[in-house]
>>> print(open('protein.csv').read())   # CSV, C-alpha atoms
chain,number,residue,atom,x,y,z
Q,1,MET,CA,0.0,0.0,0.0
Q,2,LYS,CA,2.8,2.4,1.0
Q,3,LYS,CA,4.6,1.5,-2.2
Q,4,LEU,CA,1.5,2.3,-4.3
Q,5,ILE,CA,1.2,5.7,-2.5
Q,6,LEU,CA,4.9,6.5,-3.2
Q,7,ILE,CA,4.4,5.7,-6.9
Q,8,ASN,CA,1.3,7.9,-7.1
Q,9,VAL,CA,3.3,10.8,-5.4
Q,10,PHE,CA,6.1,10.2,-7.9
Q,11,ILE,CA,3.7,10.4,-10.8
Q,12,ILE,CA,2.1,13.6,-9.5
Q,13,LEU,CA,5.5,15.2,-9.0
Q,14,ILE,CA,6.5,14.4,-12.6
Q,15,ALA,CA,3.2,15.7,-13.9
Q,16,SER,CA,3.6,18.9,-11.8
Q,17,ASN,CA,7.0,19.4,-13.2
Q,18,LEU,CA,5.8,19.0,-16.8
Q,19,PHE,CA,2.9,21.4,-16.2
Q,20,ALA,CA,5.3,23.9,-14.7
Q,21,GLN,CA,7.1,24.3,-18.0
Q,22,SER,CA,6.2,27.4,-19.8
Q,23,ASP,CA,4.9,27.3,-23.3
Q,24,TYR,CA,8.0,29.1,-24.4
Q,25,GLU,CA,10.3,26.4,-22.8
Q,26,ILE,CA,8.3,23.6,-24.4
Q,27,VAL,CA,8.6,25.2,-27.9
Q,28,GLN,CA,12.2,26.0,-27.5
Q,29,ASN,CA,13.0,22.5,-26.3
Q,30,PHE,CA,11.2,21.0,-29.2
Q,31,LYS,CA,13.0,23.3,-31.7
Q,32,ASN,CA,16.4,22.5,-30.2
Q,33,ARG,CA,15.9,18.7,-30.3
Q,34,TYR,CA,14.4,18.9,-33.8
Q,35,GLN,CA,17.5,20.7,-35.1
Q,36,GLN,CA,19.7,18.1,-33.5
Q,37,PHE,CA,17.8,15.4,-35.4
Q,38,GLU,CA,18.2,17.3,-38.6
Q,39,GLN,CA,22.0,17.5,-38.1
Q,40,GLN,CA,22.2,13.8,-37.1
Q,41,ILE,CA,20.5,12.8,-40.3
Q,42,LYS,CA,22.8,14.9,-42.3
Q,43,ASN,CA,25.9,13.5,-40.5
Q,44,ALA,CA,24.8,9.8,-40.6
Q,45,VAL,CA,27.4,7.6,-42.1
Q,46,SER,CA,25.4,4.4,-42.5
Q,47,VAL,CA,21.9,3.0,-43.0
Q,48,GLU,CA,22.1,1.5,-39.5
Q,49,GLU,CA,22.5,4.9,-38.0
Q,50,LEU,CA,19.5,6.1,-39.9
Q,51,ASN,CA,17.4,3.1,-38.7
Q,52,ALA,CA,18.3,4.0,-35.1
Q,53,LEU,CA,17.4,7.6,-35.7
Q,54,THR,CA,14.0,6.5,-37.1
Q,55,GLY,CA,13.1,5.0,-33.7
Q,56,GLU,CA,14.4,8.0,-31.8
Q,57,ILE,CA,12.4,10.4,-33.9
Q,58,GLU,CA,9.2,8.3,-33.3
Q,59,ARG,CA,9.8,8.5,-29.6
Q,60,PHE,CA,10.4,12.2,-29.9
Q,61,LYS,CA,7.2,12.6,-31.7
Q,62,ASN,CA,5.2,10.7,-29.1
Q,63,GLU,CA,6.8,12.7,-26.3
Q,64,PHE,CA,5.6,16.0,-27.7
Q,65,SER,CA,2.3,14.9,-29.2
Q,66,THR,CA,0.7,16.2,-26.0
Q,67,TYR,CA,1.7,19.7,-27.0
Q,68,LYS,CA,0.6,19.3,-30.7
Q,69,GLU,CA,-1.9,22.2,-30.5
Q,70,LEU,CA,0.7,24.5,-29.0
Q,71,LEU,CA,3.4,23.5,-31.5
Q,72,ASP,CA,1.0,23.9,-34.5
Q,73,LYS,CA,0.7,27.5,-33.6
Q,74,SER,CA,4.4,28.0,-32.8
Q,75,LEU,CA,5.9,26.3,-35.8
Q,76,TYR,CA,4.2,28.4,-38.5
Q,77,PRO,CA,4.5,28.2,-41.5
Q,78,ASP,CA,5.0,24.5,-40.6
Q,79,ASN,CA,3.0,22.5,-38.0
Q,80,PHE,CA,3.6,19.5,-35.8
Q,81,GLU,CA,2.8,16.8,-38.5
Q,82,LYS,CA,4.5,18.7,-41.3
Q,83,SER,CA,7.7,19.0,-39.2
Q,84,PHE,CA,7.9,15.2,-38.8
Q,85,ASP,CA,7.0,14.7,-42.4
Q,86,LYS,CA,10.1,16.8,-43.3
Q,87,LEU,CA,12.3,14.6,-41.0
Q,88,GLY,CA,10.8,11.5,-42.6
Q,89,ASN,CA,11.7,12.9,-46.1
Q,90,SER,CA,15.2,13.7,-44.9
Q,91,LEU,CA,15.6,10.1,-43.8
Q,92,VAL,CA,14.4,8.8,-47.1
Q,93,LEU,CA,16.7,11.1,-49.1
Q,94,ARG,CA,19.7,10.2,-46.9
Q,95,ARG,CA,19.0,6.5,-47.4
Q,96,THR,CA,18.9,7.1,-51.1
Q,97,ASP,CA,22.4,8.6,-50.9
Q,98,PHE,CA,23.7,5.3,-49.4
Q,99,THR,CA,21.8,3.3,-52.0
Q,100,GLN,CA,23.4,5.3,-54.8
Q,101,ILE,CA,26.8,4.9,-53.3
Q,102,GLU,CA,26.4,1.1,-53.1
Q,103,THR,CA,25.1,1.0,-56.6
Q,104,LEU,CA,28.1,3.1,-57.9
Q,105,GLN,CA,30.5,0.8,-56.0
Q,106,THR,CA,29.2,-2.3,-57.9
Q,107,GLU,CA,29.4,-0.6,-61.3
Q,108,VAL,CA,32.3,-1.7,-63.5
Q,109,ILE,CA,33.5,1.4,-65.3
Q,110,THR,CA,36.3,2.1,-67.8
Q,111,LEU,CA,37.1,5.8,-68.0
Q,112,ARG,CA,40.0,7.7,-69.4
Q,113,THR,CA,42.9,7.4,-67.0
Q,114,GLU,CA,43.1,11.0,-66.1
Q,115,VAL,CA,39.3,11.3,-65.5
Q,116,ASP,CA,39.4,8.2,-63.4
Q,117,GLU,CA,42.2,9.5,-61.2
Q,118,LEU,CA,40.5,12.8,-60.7
Q,119,ASN,CA,37.3,11.0,-59.7
Q,120,LYS,CA,39.1,9.1,-57.0
Q,121,LYS,CA,40.9,12.1,-55.8
Q,122,ASN,CA,37.7,14.1,-55.6
Q,123,ALA,CA,36.0,11.4,-53.7
Q,124,GLU,CA,38.8,11.4,-51.1
Q,125,LEU,CA,38.7,15.1,-50.8
Q,126,LEU,CA,34.9,15.2,-50.4
Q,127,ASN,CA,35.1,12.7,-47.5
Q,128,GLN,CA,37.9,14.6,-45.8
Q,129,ILE,CA,36.0,17.9,-46.2
Q,130,GLN,CA,32.9,16.3,-44.8
Q,131,ILE,CA,34.8,15.2,-41.6
Q,132,LEU,CA,36.5,18.5,-41.2
Q,133,GLU,CA,33.2,20.5,-41.7
Q,134,VAL,CA,32.0,18.9,-38.4
Q,135,GLN,CA,35.1,19.9,-36.6
Q,136,ARG,CA,35.7,23.3,-38.1
Q,137,LYS,CA,34.7,25.2,-35.0
Q,138,LYS,CA,37.4,23.6,-33.0
Q,139,ASP,CA,40.7,25.4,-34.0
Q,140,ALA,CA,42.4,27.6,-36.5
Q,141,GLU,CA,44.5,24.7,-37.8
Q,142,THR,CA,41.4,22.7,-38.7
Q,143,ILE,CA,39.8,25.7,-40.5
Q,144,ALA,CA,43.0,26.3,-42.5
Q,145,ARG,CA,43.2,22.7,-43.5
Q,146,LEU,CA,39.6,22.7,-44.5
Q,147,GLU,CA,39.9,25.8,-46.6
Q,148,LYS,CA,43.0,24.3,-48.3
Q,149,LEU,CA,41.1,21.1,-49.1
Q,150,VAL,CA,38.0,22.9,-50.4
Q,151,SER,CA,40.3,25.0,-52.7
Q,152,GLU,CA,42.0,21.9,-53.9
Q,153,LEU,CA,38.7,20.1,-54.5
Q,154,ARG,CA,37.3,23.0,-56.5
Q,155,ALA,CA,40.4,23.1,-58.7
Q,156,SER,CA,40.2,19.3,-59.2
Q,157,LEU,CA,36.5,19.4,-60.1
Q,158,LYS,CA,37.1,22.2,-62.5
Q,159,LYS,CA,39.9,20.3,-64.2
Q,160,ARG,CA,37.9,17.2,-64.4
Q,161,ASP,CA,34.9,19.0,-65.8
Q,162,GLU,CA,37.2,20.6,-68.5
Q,163,LEU,CA,38.2,17.0,-69.5
Q,164,VAL,CA,34.5,16.1,-69.7
Q,165,TYR,CA,33.8,19.2,-71.8
Q,166,ALA,CA,36.5,18.0,-74.2
Q,167,ILE,CA,34.9,14.5,-74.4
Q,168,ILE,CA,31.4,16.1,-75.0
Q,169,ASP,CA,32.8,18.5,-77.6
Q,170,SER,CA,34.4,15.6,-79.6
Q,171,LEU,CA,30.8,14.4,-80.3
Q,172,ALA,CA,29.6,17.9,-81.5
Q,173,PRO,CA,30.8,17.7,-85.1
Q,174,LYS,CA,28.8,14.5,-85.8
Q,175,LEU,CA,25.7,16.0,-84.2
Q,176,SER,CA,26.0,19.5,-85.7
Q,177,GLY,CA,23.3,19.0,-88.4
Q,178,ASP,CA,19.8,17.7,-88.4
Q,179,VAL,CA,20.0,14.4,-86.4
Q,180,SER,CA,16.7,13.2,-87.9
Q,181,ALA,CA,18.3,13.1,-91.3
Q,182,LEU,CA,21.1,10.7,-90.1
Q,183,THR,CA,20.9,7.1,-91.4
Q,184,GLN,CA,20.6,4.3,-88.9
Q,185,LYS,CA,24.2,3.3,-89.5
Q,186,GLU,CA,25.4,6.8,-88.7
Q,187,LYS,CA,23.3,6.9,-85.5
Q,188,GLU,CA,24.9,3.5,-84.5
Q,189,GLN,CA,28.3,5.0,-85.0
Q,190,ILE,CA,27.5,7.9,-82.8
Q,191,VAL,CA,26.1,5.5,-80.2
Q,192,ALA,CA,29.3,3.4,-80.4
Q,193,GLU,CA,31.5,6.4,-79.9
Q,194,THR,CA,29.4,7.7,-77.0
Q,195,GLU,CA,29.6,4.4,-75.2
Q,196,LYS,CA,33.3,3.9,-75.9
Q,197,LYS,CA,34.0,7.3,-74.3
Q,198,ASN,CA,31.5,6.5,-71.5
Q,199,VAL,CA,30.0,9.9,-72.0
Q,200,LEU,CA,26.7,9.4,-70.2
Q,201,TYR,CA,28.4,8.0,-67.1
Q,202,ILE,CA,31.1,10.6,-66.8
Q,203,VAL,CA,28.6,13.4,-67.2
Q,204,LYS,CA,26.4,11.9,-64.5
Q,205,LYS,CA,29.4,11.4,-62.3
Q,206,SER,CA,30.6,15.0,-62.7
Q,207,LEU,CA,27.1,16.3,-61.9
Q,208,ARG,CA,26.8,14.1,-58.8
Q,209,ASP,CA,30.2,15.2,-57.6
Q,210,ASN,CA,29.4,18.9,-58.2
Q,211,THR,CA,26.2,18.5,-56.2
Q,212,ARG,CA,27.9,16.6,-53.5
Q,213,PHE,CA,30.5,19.4,-53.3
Q,214,LEU,CA,27.7,21.8,-52.4
Q,215,GLU,CA,26.4,19.3,-49.8
Q,216,VAL,CA,29.6,18.9,-47.8
Q,217,THR,CA,31.0,22.4,-47.9
Q,218,THR,CA,30.0,25.7,-46.4
Q,219,LEU,CA,30.6,28.4,-49.1
Q,220,LYS,CA,30.7,32.2,-49.2
Q,221,PRO,CA,28.9,34.3,-51.9
Q,222,GLU,CA,32.0,34.7,-54.0
Q,223,ASP,CA,32.4,30.9,-54.0
Q,224,LEU,CA,28.8,30.4,-55.1
Q,225,LYS,CA,29.2,32.9,-58.0
Q,226,ASP,CA,32.1,30.8,-59.3
Q,227,VAL,CA,30.0,27.6,-58.9
Q,228,LYS,CA,27.1,29.2,-60.8
Q,229,GLU,CA,29.5,30.2,-63.6
Q,230,GLN,CA,30.8,26.6,-63.7
Q,231,GLN,CA,27.3,25.3,-63.9
Q,232,SER,CA,26.4,27.7,-66.7
Q,233,ASN,CA,29.4,26.6,-68.7
Q,234,PHE,CA,28.5,22.9,-68.2
Q,235,VAL,CA,24.9,23.5,-69.3
Q,236,SER,CA,26.1,25.4,-72.4
Q,237,MET,CA,28.4,22.5,-73.3
Q,238,TRP,CA,25.9,19.8,-72.8
Q,239,GLN,CA,23.2,21.7,-74.8
Q,240,LYS,CA,25.4,21.1,-77.9
Q,241,VAL,CA,24.9,17.4,-77.8
Q,242,GLY,CA,22.4,16.4,-75.1
Q,243,PRO,CA,19.1,17.1,-76.8
Q,244,LYS,CA,20.4,15.5,-80.1
Q,245,LEU,CA,21.5,12.4,-78.2
Q,246,VAL,CA,17.9,12.0,-77.2
Q,247,ASP,CA,17.0,11.5,-80.9
Q,248,VAL,CA,20.0,9.3,-81.5
Q,249,TYR,CA,19.0,7.0,-78.6
Q,250,ALA,CA,15.3,7.0,-79.5
Q,251,GLY,CA,13.9,3.5,-79.1
Q,252,ARG,CA,16.5,2.5,-76.5
Q,253,LYS,CA,14.7,2.9,-73.2
Q,254,ASP,CA,17.7,2.4,-70.9
Q,255,LYS,CA,19.8,5.1,-72.5
Q,256,ALA,CA,16.8,7.4,-73.0
Q,257,GLN,CA,16.3,7.1,-69.2
Q,258,GLU,CA,20.0,7.9,-68.6
Q,259,LEU,CA,19.5,11.1,-70.6
Q,260,LYS,CA,16.5,12.0,-68.4
Q,261,ASP,CA,18.6,11.3,-65.4
Q,262,ILE,CA,21.2,13.8,-66.6
Q,263,ASP,CA,18.6,16.5,-67.1
Q,264,ALA,CA,17.4,15.8,-63.5
Q,265,LEU,CA,21.0,16.0,-62.2
Q,266,PHE,CA,21.4,19.4,-63.9
Q,267,THR,CA,18.2,20.6,-62.1
Q,268,SER,CA,19.5,19.1,-58.8
Q,269,TRP,CA,22.8,21.0,-59.2
Q,270,LYS,CA,21.0,24.3,-59.9
Q,271,THR,CA,18.7,23.7,-56.9
Q,272,GLY,CA,21.7,22.8,-54.8
Q,273,ILE,CA,23.4,26.1,-55.5
Q,274,GLN,CA,20.3,28.0,-54.2
Q,275,ARG,CA,20.0,25.6,-51.2
Q,276,GLU,CA,23.7,26.0,-50.4
Q,277,ALA,CA,23.3,29.8,-50.0
Q,278,TRP,CA,20.6,29.3,-47.3
Q,279,GLU,CA,22.4,26.5,-45.6
Q,280,SER,CA,25.6,28.5,-45.4
Q,281,ILE,CA,23.7,31.4,-43.9
Q,282,ARG,CA,22.2,29.1,-41.3
Q,283,GLU,CA,25.7,27.8,-40.6
Q,284,ASP,CA,26.9,31.3,-40.0
Q,285,PHE,CA,24.3,31.7,-37.3
Q,286,ALA,CA,25.1,28.2,-35.9
Q,287,LEU,CA,28.8,29.0,-35.6
Q,288,ASN,CA,27.7,31.7,-33.2
Q,289,ASN,CA,25.4,29.3,-31.3
Q,290,ILE,CA,22.2,30.8,-32.9
Q,291,ASN,CA,20.4,27.7,-33.9
Q,292,LEU,CA,17.6,28.3,-36.4
Q,293,GLN,CA,15.2,26.0,-38.2
Q,294,SER,CA,16.1,25.2,-41.7
Q,295,PHE,CA,15.0,27.6,-44.5
Q,296,TYR,CA,15.3,27.2,-48.2
Q,297,ASN,CA,13.7,30.3,-49.7
Q,298,GLY,CA,13.2,33.9,-49.0
Q,299,ASN,CA,9.7,33.4,-47.5
Q,300,GLU,CA,11.0,30.8,-45.0
Q,301,PHE,CA,14.1,32.8,-44.2
Q,302,THR,CA,12.0,35.9,-43.5
Q,303,GLU,CA,9.5,34.0,-41.4
Q,304,ILE,CA,12.1,32.1,-39.3
Q,305,ILE,CA,14.2,35.2,-38.7
Q,306,THR,CA,11.3,37.4,-37.6
Q,307,SER,CA,9.9,34.5,-35.6
Q,308,PHE,CA,13.2,34.2,-33.7
Q,309,ILE,CA,13.3,37.9,-33.0
Q,310,ASN,CA,9.6,37.9,-31.9
Q,311,ASP,CA,10.4,35.0,-29.4
Q,312,GLU,CA,13.4,37.0,-28.1
Q,313,ILE,CA,11.2,40.1,-27.7
Q,314,LYS,CA,8.5,38.1,-25.8
Q,315,SER,CA,11.0,36.4,-23.6
Q,316,TYR,CA,12.7,39.7,-22.6
Q,317,GLY,CA,12.2,39.9,-18.8
Q,318,VAL,CA,11.5,36.2,-18.6
Q,319,LYS,CA,15.2,35.3,-18.8
Q,320,SER,CA,18.0,37.4,-17.4
Q,321,LYS,CA,18.7,40.8,-18.9
Q,322,GLU,CA,22.3,39.8,-19.5
Q,323,GLU,CA,21.3,36.7,-21.5
Q,324,SER,CA,18.8,38.7,-23.7
Q,325,GLU,CA,21.5,41.4,-24.4
Q,326,ARG,CA,24.1,38.7,-25.2
Q,327,ILE,CA,21.8,37.0,-27.7
Q,328,TYR,CA,20.9,40.3,-29.3
Q,329,SER,CA,24.6,41.3,-29.6
Q,330,VAL,CA,25.6,38.0,-31.1
Q,331,PHE,CA,22.6,37.9,-33.5
Q,332,VAL,CA,22.7,41.5,-34.7
Q,333,ASP,CA,26.4,42.6,-34.3
Q,334,SER,CA,28.3,39.4,-34.8
Q,335,VAL,CA,26.2,37.7,-37.4
Q,336,TRP,CA,23.6,39.9,-39.1
Q,337,TYR,CA,25.5,43.2,-39.8
Q,338,LYS,CA,29.0,41.6,-39.9
Q,339,THR,CA,28.2,38.7,-42.2
Q,340,ILE,CA,24.6,38.5,-43.5
Q,341,ALA,CA,24.0,42.2,-44.4
Q,342,ASN,CA,27.6,42.7,-45.5
Q,343,GLU,CA,28.3,39.5,-47.5
Q,344,TRP,CA,25.1,37.6,-48.2
Q,345,MET,CA,22.5,40.3,-48.7
Q,346,PRO,CA,23.9,41.6,-52.1
Q,347,TYR,CA,24.0,38.0,-53.3
Q,348,LEU,CA,20.5,37.2,-52.2
Q,349,LEU,CA,19.1,40.4,-53.8
Q,350,GLU,CA,21.0,40.1,-57.0
Q,351,ASN,CA,19.9,36.5,-57.5
Q,352,ASN,CA,16.3,37.2,-56.6
Q,353,LEU,CA,16.5,34.8,-53.6
Q,354,LEU,CA,15.2,37.6,-51.3
Q,355,SER,CA,13.2,40.7,-52.1
Q,356,SER,CA,14.0,44.2,-50.9
Q,357,GLN,CA,10.7,44.3,-49.1
Q,358,GLN,CA,11.6,41.1,-47.1
Q,359,LYS,CA,15.0,42.7,-46.3
Q,360,ASP,CA,13.3,45.8,-45.0
Q,361,LEU,CA,10.8,43.8,-43.0
Q,362,ILE,CA,13.6,41.9,-41.2
Q,363,GLU,CA,15.6,45.1,-40.5
Q,364,LYS,CA,12.5,46.8,-39.2
Q,365,LYS,CA,12.0,43.8,-36.8
Q,366,ILE,CA,15.7,44.1,-35.7
Q,367,ALA,CA,15.0,47.8,-35.0
Q,368,GLU,CA,12.0,46.8,-32.8
Q,369,TRP,CA,14.2,44.4,-31.0
Q,370,LYS,CA,16.9,47.0,-30.4
Q,371,GLU,CA,14.3,49.3,-28.9
Q,372,VAL,CA,13.3,46.6,-26.4
Q,373,ILE,CA,16.9,45.8,-25.5
Q,374,SER,CA,18.1,49.5,-25.3
Q,375,PRO,CA,15.2,51.9,-25.4
Q,376,LYS,CA,16.0,55.6,-26.1
Q,377,ASN,CA,16.2,57.7,-23.0
Q,378,LEU,CA,13.4,60.2,-23.8
Q,379,THR,CA,14.0,62.1,-20.5
Q,380,LEU,CA,17.4,63.2,-21.8
Q,381,ILE,CA,15.9,64.2,-25.1
Q,382,TYR,CA,13.2,66.3,-23.4
Q,383,VAL,CA,15.8,68.0,-21.1
Q,384,GLY,CA,18.0,68.8,-24.1
Q,385,VAL,CA,15.1,70.3,-26.0
Q,386,GLY,CA,14.0,72.3,-23.0
Q,387,ILE,CA,17.5,73.7,-22.5
Q,388,LEU,CA,17.6,74.6,-26.2
Q,389,ILE,CA,14.3,76.4,-26.0
Q,390,VAL,CA,15.4,78.4,-22.9
Q,391,LEU,CA,18.6,79.4,-24.7
Q,392,ILE,CA,16.7,80.6,-27.7
Q,393,VAL,CA,14.2,82.6,-25.6
Q,394,ALA,CA,17.0,84.1,-23.6
Q,395,PHE,CA,18.8,85.1,-26.8
Q,396,PHE,CA,15.8,86.9,-28.2
Q,397,LEU,CA,15.0,88.6,-24.9
Q,398,LEU,CA,18.6,89.8,-24.6
Q,399,ARG,CA,18.5,91.0,-28.2
Q,400,LYS,CA,15.2,92.9,-27.6
Q,401,LYS,CA,16.5,94.5,-24.5
Q,402,ASN,CA,19.6,95.8,-26.2
Q,403,GLY,CA,17.6,97.0,-29.1
Q,404,SER,CA,15.2,99.0,-26.9
Q,405,LYS,CA,17.8,101.3,-25.2
Q,406,PRO,CA,17.0,105.1,-25.7
Q,407,VAL,CA,19.3,106.9,-28.0
Q,408,GLU,CA,20.8,110.1,-26.4
Q,409,SER,CA,20.2,113.3,-28.5
Q,410,ALA,CA,23.2,115.3,-29.7
Q,411,THR,CA,23.7,118.7,-28.0
>>> encode(input="protein.csv", output="structure tokens")
Amino acid sequence: MKKLILINVFIILIASNLFAQSDYEIVQNFKNRYQQFEQQIKNAVSVEELNALTGEIERFKNEFSTYKELLDKSLYPDNFEKSFDKLGNSLVLRRTDFTQIETLQTEVITLRTEVDELNKKNAELLNQIQILEVQRKKDAETIARLEKLVSELRASLKKRDELVYAIIDSLAPKLSGDVSALTQKEKEQIVAETEKKNVLYIVKKSLRDNTRFLEVTTLKPEDLKDVKEQQSNFVSMWQKVGPKLVDVYAGRKDKAQELKDIDALFTSWKTGIQREAWESIREDFALNNINLQSFYNGNEFTEIITSFINDEIKSYGVKSKEESERIYSVFVDSVWYKTIANEWMPYLLENNLLSSQQKDLIEKKIAEWKEVISPKNLTLIYVGVGILIVLIVAFFLLRKKNGSKPVESAT
């Protein structure tokens, strides 16, 4: 009986503790753990890790299901279910990565020696960079090594792509005219040459590596401009032969599908460049311990930034004044004006990733936050204005007095 009473008391204490949590604490706890799961999925190195995370995420969902209504309101533009759908989609996409890697490892491929060597080198560099990216906050030596590897990888990818351009370009003369006018024998010759040079594979491999480069690195605006130019050059080169190869391979379903895959990879690369901008911005905040939800377009970015600021404004006075001021200083001084406004904003505006109206909205919200953290001292302003008025009045009175003195008549 006593044991049963103790158990009931224990349960009541736990329940009381849970109810004691403020809505703000519940939401922040959810967001922090959610972001941890996002990062764990991204950093997973095996399918087994992903399987383990699946169970943890399900338990996490069950734990917070009690607060579903509160979270639906607080996670706008997402909601409770949509947030977990996103985690589920991330798990699926990450599993696909491992599936693709396993598939590529089983393929028997013959490439030109130099292209093959560069592919191996690039893969090693990508793996090293991925490891160092996780550690890059630790010390200057790690950062320097990471920057050196990223620079080396970019140069290697560019060199490899130039070789690929040369291989693609070698097909251009035979595809320069009207492909539909080619005889079957001529088409078969082009097919034979394409397969001998392994064109479709090396193009896909290059596109996958270029997309992977974006996934494992944190880039700056000037880096992304170079990547965009590289992508534009690749597209221009492929357009010389790609659409015509579709006609050449007409009737061969397997190769026709490969050409569709290449088009999809070009789209994925282009999307990845936009995605990288947003992920790099989020990483700039994370490096300063400002952990934000993921955002992948201007609307999401504006919503999440303003939502974060609103939360900080609402919590002012709830947590210590020092902590509120510290977060404001880090967010505004160390990240927003030092990095985002300075480096990223011109890139975002120039590439139509963010509108000037959205920029103004965010900066207006920052101004509101500043007013809460350090309001203007109106008393001093009023005193200053009062003193100025007194001086002006005194000046005119003195002038009037001097001007009204009687003038003595001459004798």
>>> residues_around(input="protein.csv", residues="Leu153 (chain Q)", least_positions_apart="6", cutoff="12 Å", atoms="only C-alpha atoms", output="ChimeraX atom specification")
/Q:118-130,146-147,159-161,209-210,212-214,216-217
>>> atom_distance(input="protein.csv", atom1="CA of Ile190 (chain Q)", atom2="CA of Ala250 (chain Q)")
12.7 Å
>>> closest_residue(input="protein.csv", among="Q:Gln230, Q:Ser329, Q:Ser156, Q:Ser90", to="Lys42 (chain Q)", atoms="all atoms listed in the file")
Q:Ser90
>>> atom_distance(input="protein.csv", atom1="CA of Asp85 (chain Q)", atom2="CA of Ile281 (chain Q)")
23.7 Å
>>> atom_distance(input="protein.csv", atom1="CA of Glu283 (chain Q)", atom2="CA of Glu371 (chain Q)")
27.0 Å
>>> residues_around(input="protein.csv", residues="Ile304 (chain Q)", least_positions_apart="6", cutoff="10 Å", atoms="all atoms listed in the file", output="PyMOL selection string")
chain Q and resi 75-77+292-295+298+310
>>> residues_around(input="protein.csv", residues="region 194-206 of chain Q", least_positions_apart="4", cutoff="8 Å", atoms="all atoms listed in the file", output="PDB file with C-alpha atoms, keeping the file's coordinate frame")
ATOM      1  CA  THR Q 110      36.300   2.100 -67.800  1.00  0.00           C
ATOM      2  CA  LEU Q 111      37.100   5.800 -68.000  1.00  0.00           C
ATOM      3  CA  ARG Q 112      40.000   7.700 -69.400  1.00  0.00           C
ATOM      4  CA  LEU Q 157      36.500  19.400 -60.100  1.00  0.00           C
ATOM      5  CA  ARG Q 160      37.900  17.200 -64.400  1.00  0.00           C
ATOM      6  CA  ASP Q 161      34.900  19.000 -65.800  1.00  0.00           C
ATOM      7  CA  VAL Q 164      34.500  16.100 -69.700  1.00  0.00           C
ATOM      8  CA  ILE Q 167      34.900  14.500 -74.400  1.00  0.00           C
ATOM      9  CA  ILE Q 168      31.400  16.100 -75.000  1.00  0.00           C
ATOM     10  CA  LEU Q 171      30.800  14.400 -80.300  1.00  0.00           C
ATOM     11  CA  ILE Q 190      27.500   7.900 -82.800  1.00  0.00           C
ATOM     12  CA  ASN Q 210      29.400  18.900 -58.200  1.00  0.00           C
ATOM     13  CA  GLU Q 258      20.000   7.900 -68.600  1.00  0.00           C
ATOM     14  CA  LEU Q 259      19.500  11.100 -70.600  1.00  0.00           C
ATOM     15  CA  ASP Q 261      18.600  11.300 -65.400  1.00  0.00           C
ATOM     16  CA  ILE Q 262      21.200  13.800 -66.600  1.00  0.00           C
ATOM     17  CA  LEU Q 265      21.000  16.000 -62.200  1.00  0.00           C
TER      18      LEU Q 265
END
>>> closest_residue(input="protein.csv", among="Q:Thr306, Q:Ser176, Q:Trp278, Q:Val335", to="Ile290 (chain Q)", atoms="only C-alpha atoms")
Q:Val335
>>> closest_residue(input="protein.csv", among="Q:Ala52, Q:Ile57, Q:Val241, Q:Ile26", to="Glu38 (chain Q)", atoms="all atoms listed in the file")
Q:Ile57
>>> closest_residue(input="protein.csv", among="Q:Ala367, Q:Ile392, Q:Leu245, Q:Leu149", to="Leu175 (chain Q)", atoms="all atoms listed in the file")
Q:Leu245
>>> residues_around(input="protein.csv", residues="Val27 (chain Q)", least_positions_apart="4", cutoff="9 Å", atoms="all atoms listed in the file", output="PyMOL selection string")
chain Q and resi 22-23+31-32+67+70-71+74-75
>>> residues_around(input="protein.csv", residues="region 350-365 of chain Q", least_positions_apart="3", cutoff="9 Å", atoms="all atoms listed in the file", output="PyMOL selection string")
chain Q and resi 274+297-299+301-303+305-306+309-310+345-347+368-370
>>> closest_residue(input="protein.csv", among="Q:Gln184, Q:Ser315, Q:Asn79, Q:Thr54", to="Tyr249 (chain Q)", atoms="all atoms listed in the file")
Q:Gln184
>>> closest_residue(input="protein.csv", among="Q:Val227, Q:Ile389, Q:Met237, Q:Ala256", to="Ile273 (chain Q)", atoms="only C-alpha atoms")
Q:Val227
